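Worksheet: the structure to be examined is printed underneath.
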Amino acid sequence: MTPSRYRRPLMVLAAVIAVLSLIAVGTVMVLAFAGSVAPAWVTYSALYGLPAAFILMLLVVLDGVAARRRAGKAGRR
């Protein structure tokens with residue numbers, strides 16, 4: 001799937017996206033509680049950031065599983 005040198009940056013990117021998305025969710029909730037409307041980009045970040053981070057993390061996990069399987073098969077030969 002991806003070379004091992006790309007796993008850590010993808011993991012960091014997914015974590016950053018997740019944290020920023022959670023901050024956006026909090027901002028939307030605080031603004032809604034105050035009776036105001038959040039800007040569209042904040043709402044967009046809140047709605048689509050967490051699924052994007054989840055998909056990136058899923059790709060990193062699947063790549064790690066595939067790498068371990070490849071390493072295990074090479075060791076049996």
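In the structure tokens, chains take letters A, B, ... by order of appearance, with residues numbered from 1 within each chain and ligands from 1 in the order shown.
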Pick out the residues sitting within 7 Å of segment 19-30 of chain A, and hand them over as a PDB file with C-alpha atoms, in the first residue's frame; count only C-alpha atoms, and ignore anything fewer than 4 positions along from it in its own chain.
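Produced file selection-v7.pdb, reproduced below:
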```pdb
ATOM      1  CA  ALA A  15      -4.639  13.335  14.285  1.00  0.00           C
ATOM      2  CA  ALA A  34     -25.135  31.739  22.289  1.00  0.00           C
ATOM      3  CA  ALA A  38     -21.323  29.547  12.882  1.00  0.00           C
ATOM      4  CA  VAL A  42     -16.462  26.034  10.584  1.00  0.00           C
ATOM      5  CA  THR A  43     -19.574  23.933  10.087  1.00  0.00           C
ATOM      6  CA  SER A  45     -14.875  21.448   9.126  1.00  0.00           C
ATOM      7  CA  ALA A  46     -16.992  20.026  11.918  1.00  0.00           C
ATOM      8  CA  GLY A  49     -13.197  16.587   9.372  1.00  0.00           C
ATOM      9  CA  LEU A  50     -13.856  13.650  11.674  1.00  0.00           C
TER      10      LEU A  50
END
```
Do you have the atom CA of Gly35 of chain A-atom CA of Ile17 of chain A distance handy?
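Spanning atom CA of Gly35 of chain A to atom CA of Ile17 of chain A is a straight-line distance of 26.8 Å.
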Pick out the closest residue to Tyr6 of chain A from this set: A:Ala53, A:Ala74, A:Val65, A:Leu59. Count only C-alpha atoms.
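Ranked by minimum distance to Tyr6 of chain A, first place goes to A:Leu59.
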Distance atom CA of Val16 of chain A-atom CA of Ser36 of chain A, one decimal place?
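Between these atoms lies a distance of 26.6 Å.
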Surrounding residues of Val12 of chain A excluding itself and chain neighbours under 6 positions, 10 Å, only C-alpha atoms, as a count of residues only
4
Could you find all residues in segment 2-48 of chain A that DSSP calls helix (DSSP H, G or I) from the backbone, and write them as an MDAnalysis selection string?
chainID A and resid 4:33 40:48
Just the selected residues (N, CA and C atoms), exported as a compact mmCIF listing (two decimals), in the first residue's frame, please.
```
# COMPACT_ATOMS: atom_id res chain seq x y z
N SER A 4 6.65 2.68 4.30
CA SER A 4 6.62 2.94 5.74
C SER A 4 6.96 4.38 6.08
N ARG A 5 7.69 5.07 5.20
CA ARG A 5 8.04 6.46 5.51
C ARG A 5 6.83 7.39 5.43
N TYR A 6 5.72 6.90 4.84
CA TYR A 6 4.52 7.72 4.75
C TYR A 6 3.52 7.44 5.86
N ARG A 7 3.73 6.39 6.62
CA ARG A 7 2.76 6.04 7.65
C ARG A 7 2.69 7.09 8.75
N ARG A 8 3.83 7.49 9.26
CA ARG A 8 3.82 8.45 10.37
C ARG A 8 3.25 9.81 9.96
N PRO A 9 3.63 10.38 8.80
CA PRO A 9 3.00 11.65 8.41
C PRO A 9 1.49 11.53 8.21
N LEU A 10 1.02 10.39 7.66
CA LEU A 10 -0.42 10.21 7.51
C LEU A 10 -1.11 10.13 8.87
N MET A 11 -0.46 9.47 9.81
CA MET A 11 -1.03 9.35 11.15
C MET A 11 -1.09 10.73 11.82
N VAL A 12 -0.03 11.50 11.68
CA VAL A 12 -0.01 12.84 12.27
C VAL A 12 -1.06 13.73 11.61
N LEU A 13 -1.17 13.63 10.27
CA LEU A 13 -2.17 14.42 9.55
C LEU A 13 -3.58 14.06 10.02
N ALA A 14 -3.86 12.78 10.18
CA ALA A 14 -5.18 12.36 10.64
C ALA A 14 -5.45 12.87 12.05
N ALA A 15 -4.45 12.84 12.91
CA ALA A 15 -4.64 13.33 14.29
C ALA A 15 -4.88 14.84 14.30
N VAL A 16 -4.16 15.58 13.47
CA VAL A 16 -4.34 17.03 13.41
C VAL A 16 -5.74 17.37 12.88
N ILE A 17 -6.16 16.66 11.84
CA ILE A 17 -7.50 16.89 11.29
C ILE A 17 -8.56 16.58 12.33
N ALA A 18 -8.39 15.50 13.09
CA ALA A 18 -9.35 15.13 14.12
C ALA A 18 -9.44 16.19 15.22
N VAL A 19 -8.29 16.68 15.66
CA VAL A 19 -8.29 17.69 16.72
C VAL A 19 -8.93 18.99 16.23
N LEU A 20 -8.57 19.42 15.03
CA LEU A 20 -9.16 20.64 14.48
C LEU A 20 -10.66 20.49 14.27
N SER A 21 -11.08 19.31 13.87
CA SER A 21 -12.51 19.07 13.69
C SER A 21 -13.26 19.09 15.01
N LEU A 22 -12.65 18.53 16.05
CA LEU A 22 -13.28 18.58 17.37
C LEU A 22 -13.37 20.00 17.90
N ILE A 23 -12.36 20.81 17.62
CA ILE A 23 -12.42 22.22 18.00
C ILE A 23 -13.55 22.92 17.24
N ALA A 24 -13.71 22.56 15.96
CA ALA A 24 -14.79 23.15 15.16
C ALA A 24 -16.16 22.73 15.69
N VAL A 25 -16.29 21.48 16.12
CA VAL A 25 -17.56 21.02 16.70
C VAL A 25 -17.87 21.82 17.97
N GLY A 26 -16.87 22.00 18.80
CA GLY A 26 -17.07 22.80 20.01
C GLY A 26 -17.45 24.23 19.70
N THR A 27 -16.82 24.80 18.68
CA THR A 27 -17.13 26.18 18.28
C THR A 27 -18.57 26.28 17.80
N VAL A 28 -19.00 25.33 16.99
CA VAL A 28 -20.38 25.33 16.49
C VAL A 28 -21.35 25.22 17.66
N MET A 29 -21.05 24.36 18.62
CA MET A 29 -21.95 24.20 19.77
C MET A 29 -22.01 25.46 20.63
N VAL A 30 -20.85 26.08 20.85
CA VAL A 30 -20.82 27.30 21.67
C VAL A 30 -21.59 28.42 20.97
N LEU A 31 -21.37 28.57 19.67
CA LEU A 31 -22.08 29.62 18.93
C LEU A 31 -23.58 29.35 18.88
N ALA A 32 -23.98 28.09 18.74
CA ALA A 32 -25.40 27.76 18.74
C ALA A 32 -26.03 28.03 20.10
N PHE A 33 -25.29 27.74 21.16
CA PHE A 33 -25.79 28.00 22.51
C PHE A 33 -25.95 29.50 22.75
N ALA A 40 -19.84 29.12 7.60
CA ALA A 40 -19.99 27.88 6.84
C ALA A 40 -18.72 27.03 6.89
N TRP A 41 -17.54 27.65 6.87
CA TRP A 41 -16.31 26.87 6.86
C TRP A 41 -16.10 26.13 8.18
N VAL A 42 -16.59 26.71 9.29
CA VAL A 42 -16.46 26.03 10.58
C VAL A 42 -17.40 24.83 10.63
N THR A 43 -18.62 25.04 10.13
CA THR A 43 -19.57 23.93 10.09
C THR A 43 -19.08 22.83 9.16
N TYR A 44 -18.53 23.21 8.03
CA TYR A 44 -17.98 22.24 7.07
C TYR A 44 -16.85 21.44 7.72
N SER A 45 -15.98 22.13 8.45
CA SER A 45 -14.87 21.45 9.13
C SER A 45 -15.39 20.48 10.18
N ALA A 46 -16.43 20.89 10.89
CA ALA A 46 -16.99 20.03 11.92
C ALA A 46 -17.66 18.79 11.32
N LEU A 47 -18.33 18.95 10.19
CA LEU A 47 -19.06 17.84 9.60
C LEU A 47 -18.18 16.85 8.86
N TYR A 48 -17.17 17.33 8.17
CA TYR A 48 -16.38 16.47 7.30
C TYR A 48 -14.98 16.16 7.82
```
Length of the atom CA of Leu58 of chain A to atom CA of Lys73 of chain A vector [Å]:
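Atom CA of Lys73 of chain A lies at a distance of 22.7 Å from atom CA of Leu58 of chain A.
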